[in-house]
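**Q** See work-v2.pdb below, with PDB, C-alpha atoms, pLDDT in the B column.
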```pdb
MODEL        1
ATOM      1  CA  MET A 116     -25.247 -39.620  -5.581  1.00 49.00           C
ATOM      2  CA  ASN A 117     -26.422 -37.007  -3.113  1.00 59.00           C
ATOM      3  CA  ASN A 118     -26.221 -33.526  -4.684  1.00 64.00           C
ATOM      4  CA  GLU A 119     -27.081 -31.490  -1.605  1.00 70.00           C
ATOM      5  CA  VAL A 120     -24.690 -28.691  -0.714  1.00 75.00           C
ATOM      6  CA  ARG A 121     -22.563 -29.548   2.287  1.00 85.00           C
ATOM      7  CA  LYS A 122     -22.067 -26.671   4.698  1.00 91.00           C
ATOM      8  CA  VAL A 123     -19.549 -26.341   7.486  1.00 93.00           C
ATOM      9  CA  LYS A 124     -18.728 -23.800  10.165  1.00 95.00           C
ATOM     10  CA  VAL A 125     -15.151 -22.874  11.018  1.00 95.00           C
ATOM     11  CA  LYS A 126     -13.515 -20.300  13.242  1.00 96.00           C
ATOM     12  CA  LEU A 127     -11.240 -18.184  11.073  1.00 97.00           C
ATOM     13  CA  THR A 128      -7.802 -17.251  12.297  1.00 95.00           C
ATOM     14  CA  GLU A 129      -6.307 -13.820  11.686  1.00 96.00           C
ATOM     15  CA  PHE A 130      -4.483 -15.405   8.733  1.00 96.00           C
ATOM     16  CA  GLY A 131      -7.797 -16.663   7.288  1.00 96.00           C
ATOM     17  CA  ILE A 132      -9.453 -13.269   7.732  1.00 97.00           C
ATOM     18  CA  ASN A 133      -6.531 -11.657   5.902  1.00 96.00           C
ATOM     19  CA  ILE A 134      -6.922 -14.124   3.018  1.00 96.00           C
ATOM     20  CA  LEU A 135     -10.582 -13.151   2.671  1.00 96.00           C
ATOM     21  CA  LYS A 136      -9.713  -9.441   2.861  1.00 96.00           C
ATOM     22  CA  ASN A 137      -7.032  -9.811   0.199  1.00 95.00           C
ATOM     23  CA  ASN A 138      -9.421 -11.739  -2.068  1.00 94.00           C
ATOM     24  CA  TYR A 139     -12.089  -9.066  -1.611  1.00 94.00           C
ATOM     25  CA  TYR A 140      -9.805  -6.090  -2.287  1.00 94.00           C
ATOM     26  CA  SER A 141      -8.190  -7.834  -5.254  1.00 94.00           C
ATOM     27  CA  PHE A 142     -11.638  -8.462  -6.742  1.00 93.00           C
ATOM     28  CA  ILE A 143     -12.725  -4.851  -6.175  1.00 92.00           C
ATOM     29  CA  LYS A 144      -9.468  -3.572  -7.677  1.00 93.00           C
ATOM     30  CA  HIS A 145     -10.204  -5.488 -10.879  1.00 94.00           C
ATOM     31  CA  HIS A 146     -13.971  -4.833 -10.849  1.00 94.00           C
ATOM     32  CA  PRO A 147     -14.557  -1.416  -9.250  1.00 91.00           C
ATOM     33  CA  GLU A 148     -17.925  -1.136 -10.969  1.00 91.00           C
ATOM     34  CA  LEU A 149     -19.211  -3.945  -8.720  1.00 90.00           C
ATOM     35  CA  VAL A 150     -18.394  -2.344  -5.364  1.00 88.00           C
ATOM     36  CA  ASP A 151     -22.029  -1.247  -4.934  1.00 90.00           C
ATOM     37  CA  VAL A 152     -23.256  -4.742  -5.767  1.00 90.00           C
ATOM     38  CA  VAL A 153     -20.781  -6.575  -3.543  1.00 87.00           C
ATOM     39  CA  GLY A 154     -20.842  -4.073  -0.687  1.00 89.00           C
ATOM     40  CA  LYS A 155     -18.204  -3.399   1.924  1.00 90.00           C
ATOM     41  CA  PHE A 156     -15.949  -6.149   3.216  1.00 92.00           C
ATOM     42  CA  HIS A 157     -17.505  -8.066   6.106  1.00 92.00           C
ATOM     43  CA  ILE A 158     -17.485 -11.556   7.518  1.00 94.00           C
ATOM     44  CA  ASP A 159     -20.665 -13.077   8.934  1.00 93.00           C
ATOM     45  CA  MET A 160     -19.789 -14.736  12.246  1.00 94.00           C
ATOM     46  CA  ASP A 161     -22.138 -16.316  14.734  1.00 93.00           C
ATOM     47  CA  GLU A 162     -22.090 -15.501  18.461  1.00 94.00           C
ATOM     48  CA  ASP A 163     -19.271 -18.027  18.976  1.00 92.00           C
ATOM     49  CA  GLY A 164     -17.098 -16.583  16.207  1.00 94.00           C
ATOM     50  CA  TYR A 165     -17.808 -19.272  13.593  1.00 95.00           C
ATOM     51  CA  THR A 166     -18.376 -18.550   9.900  1.00 95.00           C
ATOM     52  CA  GLU A 167     -20.405 -20.819   7.615  1.00 95.00           C
ATOM     53  CA  PHE A 168     -19.161 -21.886   4.187  1.00 95.00           C
ATOM     54  CA  GLU A 169     -20.167 -24.415   1.593  1.00 93.00           C
ATOM     55  CA  LEU A 170     -17.509 -27.118   1.906  1.00 91.00           C
ATOM     56  CA  PHE A 171     -16.489 -26.624  -1.730  1.00 92.00           C
ATOM     57  CA  GLU A 172     -16.182 -22.850  -1.183  1.00 94.00           C
ATOM     58  CA  LEU A 173     -14.049 -23.361   1.941  1.00 95.00           C
ATOM     59  CA  MET A 174     -11.633 -25.659   0.116  1.00 94.00           C
ATOM     60  CA  ASN A 175     -11.589 -23.413  -2.953  1.00 95.00           C
ATOM     61  CA  ILE A 176     -10.613 -20.366  -0.874  1.00 95.00           C
ATOM     62  CA  PHE A 177      -8.319 -21.915   1.716  1.00 95.00           C
ATOM     63  CA  GLY A 178      -7.208 -25.283   0.312  1.00 92.00           C
ATOM     64  CA  SER A 179      -3.845 -24.071  -0.973  1.00 91.00           C
ATOM     65  CA  TYR A 180      -3.028 -22.655   2.489  1.00 91.00           C
ATOM     66  CA  LEU A 181      -3.609 -25.854   4.463  1.00 88.00           C
ATOM     67  CA  ASN A 182      -0.002 -27.020   4.140  1.00 85.00           C
ATOM     68  CA  THR A 183       1.466 -23.874   5.689  1.00 78.00           C
ATOM     69  CA  ASP A 184       2.494 -23.211   9.276  1.00 84.00           C
ATOM     70  CA  ASP A 185      -0.338 -20.687   9.696  1.00 88.00           C
ATOM     71  CA  LEU A 186      -3.753 -22.251   9.251  1.00 92.00           C
ATOM     72  CA  PRO A 187      -6.624 -20.113   7.935  1.00 95.00           C
ATOM     73  CA  TYR A 188      -9.042 -21.582  10.476  1.00 93.00           C
ATOM     74  CA  THR A 189      -8.922 -23.573  13.685  1.00 91.00           C
ATOM     75  CA  GLU A 190      -9.004 -27.353  13.481  1.00 86.00           C
ATOM     76  CA  THR A 191     -12.582 -27.633  14.731  1.00 84.00           C
ATOM     77  CA  MET A 192     -15.147 -27.846  11.932  1.00 84.00           C
ATOM     78  CA  PHE A 193     -18.893 -28.288  12.367  1.00 86.00           C
ATOM     79  CA  ILE A 194     -21.112 -29.785   9.688  1.00 85.00           C
ATOM     80  CA  THR A 195     -24.242 -27.650   9.697  1.00 82.00           C
ATOM     81  CA  ASN A 196     -26.477 -29.801   7.514  1.00 73.00           C
ATOM     82  CA  ASN A 197     -25.884 -33.360   8.699  1.00 60.00           C
ATOM     83  CA  GLU A 198     -28.886 -34.631   6.731  1.00 57.00           C
ATOM     84  CA  SER A 199     -26.869 -34.381   3.511  1.00 46.00           C
ATOM     85  CA  PHE A 200     -24.376 -36.961   4.801  1.00 46.00           C
ATOM     86  CA  LYS A 201     -26.931 -39.723   5.367  1.00 45.00           C
ATOM     87  CA  ARG A 202     -26.846 -42.561   2.856  1.00 38.00           C
TER
ENDMDL
END
```
Take the structure in the file and give it back as structure tokens.
**A**
Amino acid sequence: MNNEVRKVKVKLTEFGINILKNNYYSFIKHHPELVDVVGKFHIDMDEDGYTEFELFELMNIFGSYLNTDDLPYTETMFITNNESFKR
């Protein structure tokens, strides 16, 4: 079995950005002592507006929202480390 981390890039929707913001502020509310470690809320986006996630992380954060009318990211997903999918 291939144990490499699979990474993907997605373009977050406003709904997806709000999910990340809510997760961040909820975490900081419960762990205010870590605000200096975690830093301010920000999302790393490339020049085309895509954000990279580990596939597991993406599904962990947004999986429960995929059956709603508002999607957290657009339908286009790019695999950024194709080598990990070779057999």
**Q** Ranking A:Glu190, A:Leu170, A:Phe156, A:Glu129 by minimum distance to Ser141 in chain A and counting only C-alpha atoms, which one comes first?
**A**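 With only C-alpha atoms as the atom set, the closest residue is A:Phe156.
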**Q** Could you please determine the separation between CA of Thr195 in chain A and CA of Lys124 in chain A in Å, to one decimal place?
**A**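 Between these atoms lies a distance of 6.7 Å.
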**Q** Between CA of Tyr140 in chain A and CA of Val153 in chain A, measure the distance and give it in Å to one decimal.
**A**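 CA of Tyr140 in chain A sits 11.1 Å away from CA of Val153 in chain A.
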**Q** To one decimal place, how far is CA of Asp185 in chain A from CA of Leu135 in chain A in Å?
**A**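 Those two atoms sit 14.5 Å apart.
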**Q** Would you translate the PyMOL selection byres ((chain A and resi 159) around 12) into the concrete set of residues it matches in this file, as a ChimeraX atom specification?
**A** /A:124-127,132,135,156-158,160-168
**Q** Kindly indicate which residue among A:Asn196, A:Thr128, A:Asn182, A:Thr189 lies nearest to Glu169 in chain A, using all atoms listed in the file for the distances.
**A**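 Selected residue with least distance to Glu169 in chain A: A:Asn196.
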**Q** For Ile134 in chain A, which of A:Leu186, A:Thr191, A:Glu119, A:His146 is the closest residue, counting only C-alpha atoms?
**A** A:Leu186
